[in-house]
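Take a look at the structure below.
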Amino acid sequence: MRVWRYGDDVNTDQLFPGKYTYTCATAEEILPHLLEDLDPDFAGGVRPGDCIVAGRNFGCGSSREQPALGLKAAGIAGIIAESFARIFYRAAINQGLLLIESPAAVAAWSEGDEIALDPAAGTVTVGGTTFQVPPLPPLLLQIREAGGLLSAVRERLAAERDVNR
Amino acid sequence: MGDTAAQKILARAAGRDRVAVGEIVTVHPRRLLTHDNTAAIIGKIGDELAEYGVADPEQPVIVLDHVTPARDTATAAGHAAVRAFVAEHGLAHFYDVGRGICHQVVLEEGLAAPGDVIVGSDSHTCSYGAVGAFATGIDRTEAAALLLTGETWLKVPATIRILLTGAPGPAVTAKDLILTLIGRLGADGATYRAVEFSGEVGALSISDRITVANMGIEMGAKAALFALDDLTREFLAATPAAPGTDRAVRSDDDADFESTREIDLADLVPVVARPGRVDDVVPAAEAAGTRVEQVLLGTCTNGRLEDLHAATTLLGGRPIAPGVRLLVLPASRRIYAAAAGDGTLAALSSSGATVLPPGCGPCLGAHQGVLAPGETCLSTANRNFRGRMGTPEADIWLGSPATAAAAALTGVITDPREVVP
């Protein structure tokens with residue numbers, strides 16, 4: 001497990017440059033360009049189970065969803081930040097990507113510390129210290145647990161269809 | 001304790017008498033805006049669309065604007081897929097290549113009305129707060145879900161009130177107001193919150209209000225809101241859809257604002273945002289002398305007729321500086337036609353400008369007018385993130401149309417008040 005550490009106000013152009021937004025939509029197309037203008041080592045080095053630790057306002061800017069979709073597809077286990085921009089926050093829930101807003105956990109992390117995430121218990125453990133994070137509201141938790149918004153919608157539409165039959 | 005405008009709009013949309021800040025409500029937005037990204041959105045749900053159809057055919061508004069006219073075969077195929085989808089589902093609110101930038105088109109057509117909830121798969125959807133709609137950005141996946149269900153969830157935001165006083169001086173514009181405010185609040189100063197503009201808003205035209213609301217997202221805001229007044233009524237009545245104002249709301253006097261900030265418009269000066277951050281704002285005079293190779297006048301932030309007029313007035317028939325490319329990007333075909341009709345485009349062209357077709361392209365580095373490494377651009381757009389105009393090795397400054405014209409005229413960043421003809 002590797003931790004990728006970034007600062008404040010990481011924006012969507014850094015996470016996924018705008019020039020690719022109308023030609024790259026699938027995970028395979030997105031992955032090579034993830035964080036291209038922020039950290040050229042990321043796309044080639046990221047492995048499933050890695051975490052991102054960042055400062056304030058992570059994901060600010062555009063509504064493009066390639067950052068959330070790509071980070072989920074890359075296997076990022078969770079992003080721990082001091083705060084998130086709101087469209088990115090929604091996009092992450094919609095992709096089933098785990099976000100943890102915890103300034104204390106961010107402050108506790110230093111180079112080399114392992115991170116353990118327990119979404120069910122609502123905790124994040126950084127270098128031996130465990131922090132409790134407020135749970136997601138039930139509706140949002142449902143979306144994340146269904147594996148993302150479209151899975152949740154497909155389940156709901158199919159259930160409604162079967163009731164009407 | 002009374003309610004804010006944001007609470008009232010979301011309560012009605014949720015079918016409730018009142019809602020509290022922090023509550024999550026399910027709403028059926030009146031409109032769902034999507035643009036070129038419609039192709040990717042429908043690509044996610046082809047089977048479901050075939051089985052269930054579009055939940056509310058009156059809800060989608062689709063405008064092709066981001067990479068227009070098509071740049072290559074892939075973008076052309078995307079546009080074609082959107083046209084086929086529109087035809088198959090009989091969607092009424094479709095605007096093809098050349099009609100204009102989505103946010104300008106929605107407002108010009110009268111598809112945003114006071115009291116509406118509008119969501120869009122574009123972060124600058126918050127622009128419609130200029131006419132009192134609660135409008136906010138969502139991602140493509142959520143737009144796909146909305147096509148199928150017509151519904152989504154919203155958390156009721158707290159509201160920051162901005163109380164405007166006074167009147168701005170010469171060559172000081174709405175862009176200087178919003179950049180100054182973002183500089184004070186910071187790029188996340190309004191995250192998860194609504195920002196309501198009140199006080200002397202009569203000093204701002206509808207075009208000015210669109211500029212201000214458009215940039216709400218640059219301080220993290222979920223929505224930016226202006227209350228209804230006579231200017232809004234006149235503007236809406238002149239649109240093709242001429243929407244009614246019966247759903248307009250106003251914050252109660254005793255509403256629970258999270259905070260209130262006063263801005264005296266008379267204190268404002270022309271400002272610029274330095275490269276990389278929209279909230280890194282300094283007086284244009286402090287950046288004076290910075291060389292520019294390109295100036296972009298236009299976009300959904302500042303591509304309206306008044307903006308083109310402001311630049312033309314400042315140029316006053318003078319030629320732009322050698323070595324500068326001045327790109328003019330009108331926000332819609334209607335604006336283009338008006339600017340052609342009143343001589344504005346001819347004047348800009350005579351000064352040395354290149355007039356581009358209405359659309360978004362250069363603003364996000366997607367099409368036309370991208371920068372070379374090492375170049376500097378002063379843009380009237382809303383974002384100056386590194387890499388946004390094609391390469392991370394170029395610098396993007398933001399400023400008003402007057403400040404843009406002053407930079408084009410002199411070849412360096414200039415306080416526009418220094419070069420008024």
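In the structure tokens, the first chain shown is A, the next is B, and so on; residue numbers restart at 1 for each chain, and ligands run from 1 in the order shown.
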
What are the closest atom pairs, with distances in Å to one decimal, for all residues of chain A lying within 6 Å of chain B? Consider only C-alpha atoms, order rows by chain and residue number, and present the result as a Markdown table.
| residue | atom | partner | partner_atom | distance |
| --- | --- | --- | --- | --- |
| A:Gly18 | CA | B:Leu364 | CA | 5.6 |
| A:Lys19 | CA | B:Ala366 | CA | 4.5 |
| A:Asn57 | CA | B:Asp188 | CA | 6.0 |
| A:Ser62 | CA | B:Ser123 | CA | 5.2 |
| A:Ser63 | CA | B:Ser123 | CA | 4.8 |
| A:Glu65 | CA | B:Asp139 | CA | 5.6 |
| A:Ile87 | CA | B:Ile138 | CA | 5.9 |
| A:Ala91 | CA | B:Asp139 | CA | 5.8 |

The selected residues should be written to file as a compact mmCIF listing (two decimals), in the first residue's frame (atoms: N, CA and C atoms).
# COMPACT_ATOMS: atom_id res chain seq x y z
N GLY A 18 -8.35 19.11 -19.10
CA GLY A 18 -9.57 19.39 -19.86
C GLY A 18 -9.49 18.99 -21.32
N LYS A 19 -8.27 19.01 -21.87
CA LYS A 19 -8.17 18.73 -23.31
C LYS A 19 -8.57 17.30 -23.66
N ASN A 57 -10.06 21.30 0.03
CA ASN A 57 -10.72 21.59 -1.24
C ASN A 57 -10.25 20.66 -2.36
N SER A 62 -13.91 21.89 -12.32
CA SER A 62 -14.88 21.38 -13.30
C SER A 62 -15.76 20.26 -12.74
N SER A 63 -16.86 19.99 -13.45
CA SER A 63 -17.74 18.88 -13.08
C SER A 63 -17.31 17.58 -13.73
N GLU A 65 -16.10 14.05 -14.54
CA GLU A 65 -16.10 12.95 -13.57
C GLU A 65 -14.91 12.02 -13.76
N ILE A 87 -18.70 19.11 -6.05
CA ILE A 87 -19.05 18.29 -7.22
C ILE A 87 -18.21 17.01 -7.21
N ALA A 91 -19.42 13.20 -7.15
CA ALA A 91 -18.93 12.29 -8.19
C ALA A 91 -18.33 11.04 -7.56

What lies within 9 Å of Pro135 in chain A using only C-alpha atoms, ignoring chain neighbours under 6 positions off, as a ChimeraX atom specification?
-> /A:119-122,141

6 Å contact set for range 100-116 of chain A, only C-alpha atoms, chain neighbours under 3 positions out, as a PyMOL selection string = chain A and resi 80-83+124-127

Interatomic distance between CA of Val328 in chain B and CA of Ala346 in chain B?
->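 Distance reported for this atom pair: 11.6 Å.
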